[in-house]
Amino acid sequence: MIVVPVALDPPYEVRIGAGARRELARVVASLGEVRQAAVVTQGALVDAGWLEGLDPKVPFDVHLLGDGEAAKSLASVEALCRSFARDGLSRADVVVAVGGGVVSDVAGFAAASYHRGTRYVNVATSLLAQVDAAIGGKTGVNLPEGKNLVGAFWQPSGVLCDTETLSSLPEREWRCGRGEMAKYAFLGGADPDASLLALDVEEQVGRCVRIKAEVVAADETESGERMSLNYGHTLAHALEAEGLADAGAGALAHGEAVAVGLVFAALLARRLGRIDDERVALHRRVVAGFGLSAELPAGADPDRLVAAMGRDKKARHDLAFVLDGPDGVELVRGVAPEAVLATLAEMGPRP
Ligand SMILES: NC(=O)c1ccc[n+]([C@@H]2O[C@H](COP(=O)([O-])OP(=O)(O)OC[C@H]3O[C@@H](n4cnc5c(N)ncnc54)[C@H](O)[C@@H]3O)[C@@H](O)[C@H]2O)c1
Ligand SMILES: [Zn+2]
């Protein structure tokens, strides 16, 4: 078992390994007088049998969430909080989120709101949740007007990344997780390499979690350094906004869009004189090594993408990107639209 501390106040641990979900009782016991638990999960996790052997050693009720982004709604939070109340869950009790990022985002936000703050534990079952979503306390839901518009910073009391559960993860979800993992190859310091690729999955998750834990501990509420976790995401979000990602069968999934975004960010950084050819090649090697494509999807319109990137939350009436450079990955403001357009032209779009 790999154990990564997250040095916040109070601190908590991320435990990574096969069977990590069986440590739930120990995490719950460490919280003091917990009388009952509310387990929040989805049908796919129940069907795969992952609730068997998941025992908080206190009485618990199971609450099922719907699937996908549609389930990340205020209606889900209301339904959860109402059933917590009907079950008599108190502020001293605990919410246990068992699933991917959708479950931890919604259950975490319900926990943040219920009784103005009830503790929660994440049992992360998707690769993306294990390396990213379950750690760091960003919780929230979508509005029809946009993704993740309502939420709270509310840290979990513990995170269990059970690599055994990945055996039932659909292939597309693996790809998504790998896209997110690829970004961590460049966040570990000023001297990135491709060694992440060669590790087994438990060690890969461990390395990513260590990086995420460090970034979160340095900047809990995303005022500065935590922006680096958005590496590769500016173009990815623009592709999503343009309906070229996350929009159905032919579209890129989020992590796949991040993979394209990483190579784009590398090409842009080279154009701005921040990195050399070798470093661009390293980006391509890592993305390809994770089995992902770096090609812009057909139909990508450069002008529309630039406009969408100008609406990114990092941008302040300009174009801002997280870019690699001599000191590693950092936020760069005031990037000229011409440089961005030229970089997009360099990538495609493919006919
Ligand atoms: N809070 C954060 O810091 C943060 C960071 C990154 C992403 N996110 C959010 O996370 C969400 C995406 O998370 P995700 O990629 O885990 O998607 P997800 O939670 O929708 O899970 C993907 C699918 O896989 C299923 N699944 C999960 N684990 C499984 C398993 N072990 N076996 C079989 N099926 C399984 C789920 O039921 C779902 O159908 C997005 O909403 C995103 O905004 C949050
Ligand atoms: Zn992401």
# chains A, B, ... in the order shown; residues from 1 in each chain; ligands from 1
>>> closest_atom_pairs(of="chain A", to="ligand 1", cutoff="6 Å", atoms="only C-alpha atoms and all ligand atoms", output="Markdown table")
| residue | atom | partner | partner_atom_place_in_ligand_line | distance |
| --- | --- | --- | --- | --- |
| A:Gln42 | CA | ligand 1 | 37 (O) | 5.5 |
| A:Ala44 | CA | ligand 1 | 37 (O) | 4.8 |
| A:Leu45 | CA | ligand 1 | 32 (N) | 5.6 |
| A:Asp67 | CA | ligand 1 | 39 (O) | 5.4 |
| A:Gly68 | CA | ligand 1 | 20 (O) | 4.6 |
| A:Glu69 | CA | ligand 1 | 41 (O) | 5.7 |
| A:Gly99 | CA | ligand 1 | 28 (N) | 5.0 |
| A:Gly100 | CA | ligand 1 | 16 (O) | 3.3 |
| A:Gly101 | CA | ligand 1 | 13 (O) | 3.2 |
| A:Val102 | CA | ligand 1 | 19 (O) | 3.8 |
| A:Val103 | CA | ligand 1 | 19 (O) | 5.7 |
| A:Asp105 | CA | ligand 1 | 1 (N) | 5.4 |
| A:Thr125 | CA | ligand 1 | 28 (N) | 4.3 |
| A:Ser126 | CA | ligand 1 | 28 (N) | 4.1 |
| A:Leu128 | CA | ligand 1 | 15 (O) | 4.9 |
| A:Ala129 | CA | ligand 1 | 16 (O) | 4.8 |
| A:Asp132 | CA | ligand 1 | 5 (C) | 5.1 |
| A:Ala133 | CA | ligand 1 | 4 (C) | 3.5 |
| A:Lys138 | CA | ligand 1 | 1 (N) | 4.2 |
| A:Thr139 | CA | ligand 1 | 1 (N) | 5.1 |
| A:Thr165 | CA | ligand 1 | 31 (N) | 4.3 |
| A:Leu166 | CA | ligand 1 | 31 (N) | 4.6 |
| A:Ser168 | CA | ligand 1 | 32 (N) | 4.0 |
| A:Leu169 | CA | ligand 1 | 32 (N) | 3.8 |
| A:Glu173 | CA | ligand 1 | 22 (C) | 5.9 |
>>> write_last_selection(atoms="N, CA and C atoms", output="short mmCIF file (atom, residue, chain, number, x, y, z; two decimals), in the first residue's frame")
data_model
loop_
_atom_site.label_atom_id
_atom_site.label_comp_id
_atom_site.auth_asym_id
_atom_site.auth_seq_id
_atom_site.Cartn_x
_atom_site.Cartn_y
_atom_site.Cartn_z
N GLN A 42 -22.88 4.68 -7.44
CA GLN A 42 -23.66 4.56 -8.68
C GLN A 42 -23.92 3.09 -8.99
N ALA A 44 -23.22 1.27 -11.52
CA ALA A 44 -22.12 0.52 -12.12
C ALA A 44 -21.21 -0.08 -11.05
N LEU A 45 -21.05 0.64 -9.96
CA LEU A 45 -20.17 0.15 -8.88
C LEU A 45 -20.83 -0.97 -8.10
N ASP A 67 -25.90 8.70 -13.57
CA ASP A 67 -24.60 8.63 -14.24
C ASP A 67 -24.30 9.91 -15.02
N GLY A 68 -23.03 10.24 -15.12
CA GLY A 68 -22.59 11.30 -16.02
C GLY A 68 -22.80 12.71 -15.48
N GLU A 69 -22.48 13.68 -16.36
CA GLU A 69 -22.53 15.10 -15.95
C GLU A 69 -23.94 15.52 -15.51
N GLY A 99 -16.89 5.84 -5.99
CA GLY A 99 -17.07 5.98 -7.43
C GLY A 99 -16.01 6.86 -8.06
N GLY A 100 -16.34 7.39 -9.23
CA GLY A 100 -15.43 8.27 -9.96
C GLY A 100 -15.63 9.72 -9.53
N GLY A 101 -15.18 10.64 -10.39
CA GLY A 101 -15.22 12.06 -10.06
C GLY A 101 -16.62 12.62 -9.92
N VAL A 102 -17.58 12.05 -10.64
CA VAL A 102 -18.95 12.55 -10.51
C VAL A 102 -19.45 12.30 -9.09
N VAL A 103 -19.20 11.09 -8.60
CA VAL A 103 -19.67 10.76 -7.25
C VAL A 103 -18.95 11.61 -6.20
N ASP A 105 -17.46 14.53 -6.55
CA ASP A 105 -17.84 15.95 -6.65
C ASP A 105 -19.20 16.22 -6.01
N THR A 125 -12.78 5.05 -7.49
CA THR A 125 -12.79 3.81 -8.28
C THR A 125 -12.47 4.01 -9.75
N SER A 126 -12.37 5.26 -10.22
CA SER A 126 -11.95 5.46 -11.62
C SER A 126 -10.51 5.97 -11.58
N LEU A 128 -9.27 8.40 -13.19
CA LEU A 128 -9.27 9.86 -13.11
C LEU A 128 -9.51 10.35 -11.68
N ALA A 129 -10.41 9.70 -10.98
CA ALA A 129 -10.67 10.10 -9.60
C ALA A 129 -9.46 9.79 -8.73
N ASP A 132 -6.76 12.38 -9.49
CA ASP A 132 -7.12 13.79 -9.56
C ASP A 132 -8.35 14.16 -8.72
N ALA A 133 -9.54 13.74 -9.18
CA ALA A 133 -10.78 14.32 -8.63
C ALA A 133 -11.00 14.05 -7.14
N LYS A 138 -11.92 19.98 -4.00
CA LYS A 138 -12.79 20.77 -4.88
C LYS A 138 -14.05 19.93 -5.11
N THR A 139 -15.17 20.45 -4.65
CA THR A 139 -16.43 19.71 -4.81
C THR A 139 -17.41 20.62 -5.54
N THR A 165 -10.35 -2.03 -8.03
CA THR A 165 -11.63 -1.66 -8.65
C THR A 165 -11.46 -1.28 -10.12
N LEU A 166 -10.23 -0.95 -10.51
CA LEU A 166 -10.00 -0.55 -11.91
C LEU A 166 -10.23 -1.71 -12.88
N SER A 168 -12.79 -3.32 -13.42
CA SER A 168 -14.07 -3.25 -14.13
C SER A 168 -14.27 -1.91 -14.83
N LEU A 169 -13.24 -1.07 -14.82
CA LEU A 169 -13.38 0.26 -15.44
C LEU A 169 -13.42 0.13 -16.97
N GLU A 173 -12.87 5.00 -20.08
CA GLU A 173 -12.56 5.69 -18.81
C GLU A 173 -11.08 5.55 -18.47
#
>>> closest_atom_pairs(of="chain A", to="ligand 2", cutoff="10 Å", atoms="only C-alpha atoms and all ligand atoms", output="tab-separated table")
residue	atom	partner	partner_atom_place_in_ligand_line	distance
A:Leu128	CA	ligand 2	1 (Zn)	8.2
A:Asp132	CA	ligand 2	1 (Zn)	8.0
A:Ala133	CA	ligand 2	1 (Zn)	8.5
A:Cys176	CA	ligand 2	1 (Zn)	8.6
A:Gly177	CA	ligand 2	1 (Zn)	8.8
A:Gly179	CA	ligand 2	1 (Zn)	8.1
A:Glu180	CA	ligand 2	1 (Zn)	5.9
A:Met181	CA	ligand 2	1 (Zn)	9.5
A:Lys183	CA	ligand 2	1 (Zn)	9.2
A:Leu229	CA	ligand 2	1 (Zn)	8.1
A:Asn230	CA	ligand 2	1 (Zn)	7.0
A:Tyr231	CA	ligand 2	1 (Zn)	8.7
A:Gly232	CA	ligand 2	1 (Zn)	8.4
A:His233	CA	ligand 2	1 (Zn)	6.4
A:Thr234	CA	ligand 2	1 (Zn)	9.9
A:Ala236	CA	ligand 2	1 (Zn)	8.3
A:His237	CA	ligand 2	1 (Zn)	8.8
A:His254	CA	ligand 2	1 (Zn)	6.5
A:Gly255	CA	ligand 2	1 (Zn)	6.2
A:Glu256	CA	ligand 2	1 (Zn)	9.6
A:Ala257	CA	ligand 2	1 (Zn)	8.8
A:Val258	CA	ligand 2	1 (Zn)	6.6
A:Ala259	CA	ligand 2	1 (Zn)	9.9
>>> select_by_dssp(residues="stretch 27-210 of chain A", states="strand (DSSP E or B)", output="ChimeraX atom specification")
/A:37-42,60-65,94-99,119-124,138-143,146-153,158-162
>>> write_last_selection(atoms="C-alpha atoms", output="mmCIF file, in the first residue's frame")
data_model
loop_
_atom_site.group_PDB
_atom_site.id
_atom_site.type_symbol
_atom_site.label_atom_id
_atom_site.label_comp_id
_atom_site.auth_asym_id
_atom_site.auth_seq_id
_atom_site.Cartn_x
_atom_site.Cartn_y
_atom_site.Cartn_z
ATOM 1 C CA ALA A 37 -22.509 6.478 7.470
ATOM 2 C CA ALA A 38 -24.148 7.459 4.199
ATOM 3 C CA VAL A 39 -22.593 5.624 1.257
ATOM 4 C CA VAL A 40 -23.081 7.464 -2.036
ATOM 5 C CA THR A 41 -22.394 5.517 -5.213
ATOM 6 C CA GLN A 42 -23.663 4.563 -8.680
ATOM 7 C CA PHE A 60 -24.961 2.682 6.782
ATOM 8 C CA ASP A 61 -27.483 3.436 4.053
ATOM 9 C CA VAL A 62 -26.645 3.356 0.343
ATOM 10 C CA HIS A 63 -27.671 6.313 -1.850
ATOM 11 C CA LEU A 64 -27.537 5.896 -5.617
ATOM 12 C CA LEU A 65 -26.626 8.746 -7.952
ATOM 13 C CA VAL A 94 -19.735 10.550 7.739
ATOM 14 C CA VAL A 95 -20.509 10.477 4.027
ATOM 15 C CA VAL A 96 -18.617 7.880 1.981
ATOM 16 C CA ALA A 97 -18.338 8.519 -1.768
ATOM 17 C CA VAL A 98 -17.666 5.324 -3.745
ATOM 18 C CA GLY A 99 -17.071 5.983 -7.429
ATOM 19 C CA ARG A 119 -17.020 14.861 7.016
ATOM 20 C CA TYR A 120 -16.605 12.616 3.982
ATOM 21 C CA VAL A 121 -14.272 9.933 2.727
ATOM 22 C CA ASN A 122 -13.588 9.213 -0.935
ATOM 23 C CA VAL A 123 -13.263 5.645 -2.155
ATOM 24 C CA ALA A 124 -12.029 6.457 -5.668
ATOM 25 C CA LYS A 138 -12.793 20.770 -4.876
ATOM 26 C CA THR A 139 -16.429 19.713 -4.812
ATOM 27 C CA GLY A 140 -19.386 20.934 -6.804
ATOM 28 C CA VAL A 141 -22.086 20.553 -9.391
ATOM 29 C CA ASN A 142 -23.042 21.929 -12.796
ATOM 30 C CA LEU A 143 -25.719 24.440 -13.766
ATOM 31 C CA GLY A 146 -21.969 25.886 -17.165
ATOM 32 C CA LYS A 147 -19.891 23.141 -15.596
ATOM 33 C CA ASN A 148 -18.839 23.220 -11.927
ATOM 34 C CA LEU A 149 -20.398 26.658 -11.375
ATOM 35 C CA VAL A 150 -21.602 25.890 -7.849
ATOM 36 C CA GLY A 151 -19.304 24.290 -5.338
ATOM 37 C CA ALA A 152 -17.121 24.491 -2.279
ATOM 38 C CA PHE A 153 -13.629 23.701 -1.125
ATOM 39 C CA GLY A 158 -9.352 10.342 3.839
ATOM 40 C CA VAL A 159 -9.040 8.975 0.302
ATOM 41 C CA LEU A 160 -8.811 5.299 -0.630
ATOM 42 C CA CYS A 161 -7.634 4.586 -4.179
ATOM 43 C CA ASP A 162 -8.364 0.908 -4.661
#
>>> closest_residue(among="A:Gly19, A:Ile275, A:Gln130, A:Leu268", to="A:Gly206", atoms="only C-alpha atoms")
A:Gln130
>>> decode(residues="stretch 147-178 of chain A", atoms="N, CA and C atoms", output="mmCIF file, in the first residue's frame")
data_model
loop_
_atom_site.group_PDB
_atom_site.id
_atom_site.type_symbol
_atom_site.label_atom_id
_atom_site.label_comp_id
_atom_site.auth_asym_id
_atom_site.auth_seq_id
_atom_site.Cartn_x
_atom_site.Cartn_y
_atom_site.Cartn_z
ATOM 1 N N LYS A 147 -20.397 24.230 -16.446
ATOM 2 C CA LYS A 147 -19.891 23.141 -15.596
ATOM 3 C C LYS A 147 -19.295 23.673 -14.289
ATOM 4 N N ASN A 148 -19.480 22.947 -13.219
ATOM 5 C CA ASN A 148 -18.839 23.220 -11.927
ATOM 6 C C ASN A 148 -19.046 24.660 -11.439
ATOM 7 N N LEU A 149 -20.197 25.247 -11.743
ATOM 8 C CA LEU A 149 -20.398 26.658 -11.375
ATOM 9 C C LEU A 149 -20.763 26.842 -9.907
ATOM 10 N N VAL A 150 -21.241 25.782 -9.265
ATOM 11 C CA VAL A 150 -21.602 25.890 -7.849
ATOM 12 C C VAL A 150 -20.818 24.836 -7.084
ATOM 13 N N GLY A 151 -20.091 25.283 -6.067
ATOM 14 C CA GLY A 151 -19.304 24.290 -5.338
ATOM 15 C C GLY A 151 -18.639 24.874 -4.115
ATOM 16 N N ALA A 152 -17.803 24.064 -3.505
ATOM 17 C CA ALA A 152 -17.121 24.491 -2.279
ATOM 18 C C ALA A 152 -15.780 23.775 -2.190
ATOM 19 N N PHE A 153 -14.840 24.408 -1.504
ATOM 20 C CA PHE A 153 -13.629 23.701 -1.125
ATOM 21 C C PHE A 153 -13.934 22.988 0.187
ATOM 22 N N TRP A 154 -13.919 21.698 0.173
ATOM 23 C CA TRP A 154 -14.251 20.918 1.379
ATOM 24 C C TRP A 154 -13.424 19.639 1.318
ATOM 25 N N GLN A 155 -12.417 19.580 2.170
ATOM 26 C CA GLN A 155 -11.459 18.478 2.074
ATOM 27 C C GLN A 155 -12.033 17.177 2.626
ATOM 28 N N PRO A 156 -11.740 16.063 1.963
ATOM 29 C CA PRO A 156 -12.136 14.768 2.518
ATOM 30 C C PRO A 156 -11.313 14.452 3.767
ATOM 31 N N SER A 157 -11.805 13.522 4.577
ATOM 32 C CA SER A 157 -11.053 13.102 5.765
ATOM 33 C C SER A 157 -10.106 11.955 5.450
ATOM 34 N N GLY A 158 -10.231 11.420 4.262
ATOM 35 C CA GLY A 158 -9.352 10.342 3.839
ATOM 36 C C GLY A 158 -9.728 9.946 2.425
ATOM 37 N N VAL A 159 -8.760 9.413 1.674
ATOM 38 C CA VAL A 159 -9.040 8.975 0.302
ATOM 39 C C VAL A 159 -8.451 7.579 0.137
ATOM 40 N N LEU A 160 -9.271 6.662 -0.381
ATOM 41 C CA LEU A 160 -8.811 5.299 -0.630
ATOM 42 C C LEU A 160 -8.863 5.055 -2.140
ATOM 43 N N CYS A 161 -7.698 4.848 -2.739
ATOM 44 C CA CYS A 161 -7.634 4.586 -4.179
ATOM 45 C C CYS A 161 -7.396 3.094 -4.361
ATOM 46 N N ASP A 162 -8.462 2.357 -4.571
ATOM 47 C CA ASP A 162 -8.364 0.908 -4.661
ATOM 48 C C ASP A 162 -8.112 0.505 -6.115
ATOM 49 N N THR A 163 -6.879 0.123 -6.409
ATOM 50 C CA THR A 163 -6.534 -0.194 -7.801
ATOM 51 C C THR A 163 -7.232 -1.477 -8.274
ATOM 52 N N GLU A 164 -7.688 -2.316 -7.323
ATOM 53 C CA GLU A 164 -8.446 -3.520 -7.704
ATOM 54 C C GLU A 164 -9.719 -3.126 -8.451
ATOM 55 N N THR A 165 -10.349 -2.035 -8.031
ATOM 56 C CA THR A 165 -11.626 -1.661 -8.648
ATOM 57 C C THR A 165 -11.458 -1.279 -10.125
ATOM 58 N N LEU A 166 -10.226 -0.946 -10.507
ATOM 59 C CA LEU A 166 -10.005 -0.546 -11.905
ATOM 60 C C LEU A 166 -10.229 -1.715 -12.876
ATOM 61 N N SER A 167 -10.288 -2.943 -12.339
ATOM 62 C CA SER A 167 -10.468 -4.104 -13.223
ATOM 63 C C SER A 167 -11.808 -4.050 -13.954
ATOM 64 N N SER A 168 -12.786 -3.320 -13.420
ATOM 65 C CA SER A 168 -14.073 -3.253 -14.128
ATOM 66 C C SER A 168 -14.266 -1.911 -14.833
ATOM 67 N N LEU A 169 -13.244 -1.072 -14.820
ATOM 68 C CA LEU A 169 -13.383 0.258 -15.444
ATOM 69 C C LEU A 169 -13.422 0.129 -16.975
ATOM 70 N N PRO A 170 -14.423 0.720 -17.618
ATOM 71 C CA PRO A 170 -14.488 0.651 -19.084
ATOM 72 C C PRO A 170 -13.247 1.279 -19.743
ATOM 73 N N GLU A 171 -12.865 0.754 -20.915
ATOM 74 C CA GLU A 171 -11.643 1.193 -21.609
ATOM 75 C C GLU A 171 -11.619 2.709 -21.846
ATOM 76 N N ARG A 172 -12.751 3.263 -22.233
ATOM 77 C CA ARG A 172 -12.799 4.717 -22.497
ATOM 78 C C ARG A 172 -12.437 5.505 -21.231
ATOM 79 N N GLU A 173 -12.869 5.001 -20.076
ATOM 80 C CA GLU A 173 -12.564 5.689 -18.813
ATOM 81 C C GLU A 173 -11.084 5.551 -18.465
ATOM 82 N N TRP A 174 -10.478 4.440 -18.863
ATOM 83 C CA TRP A 174 -9.027 4.301 -18.698
ATOM 84 C C TRP A 174 -8.318 5.396 -19.499
ATOM 85 N N ARG A 175 -8.773 5.576 -20.744
ATOM 86 C CA ARG A 175 -8.139 6.584 -21.611
ATOM 87 C C ARG A 175 -8.246 7.971 -20.986
ATOM 88 N N CYS A 176 -9.419 8.237 -20.423
ATOM 89 C CA CYS A 176 -9.633 9.536 -19.771
ATOM 90 C C CYS A 176 -8.660 9.729 -18.619
ATOM 91 N N GLY A 177 -8.516 8.706 -17.817
ATOM 92 C CA GLY A 177 -7.603 8.783 -16.684
ATOM 93 C C GLY A 177 -6.173 8.952 -17.145
ATOM 94 N N ARG A 178 -5.828 8.252 -18.257
ATOM 95 C CA ARG A 178 -4.450 8.342 -18.760
ATOM 96 C C ARG A 178 -4.143 9.737 -19.289
#
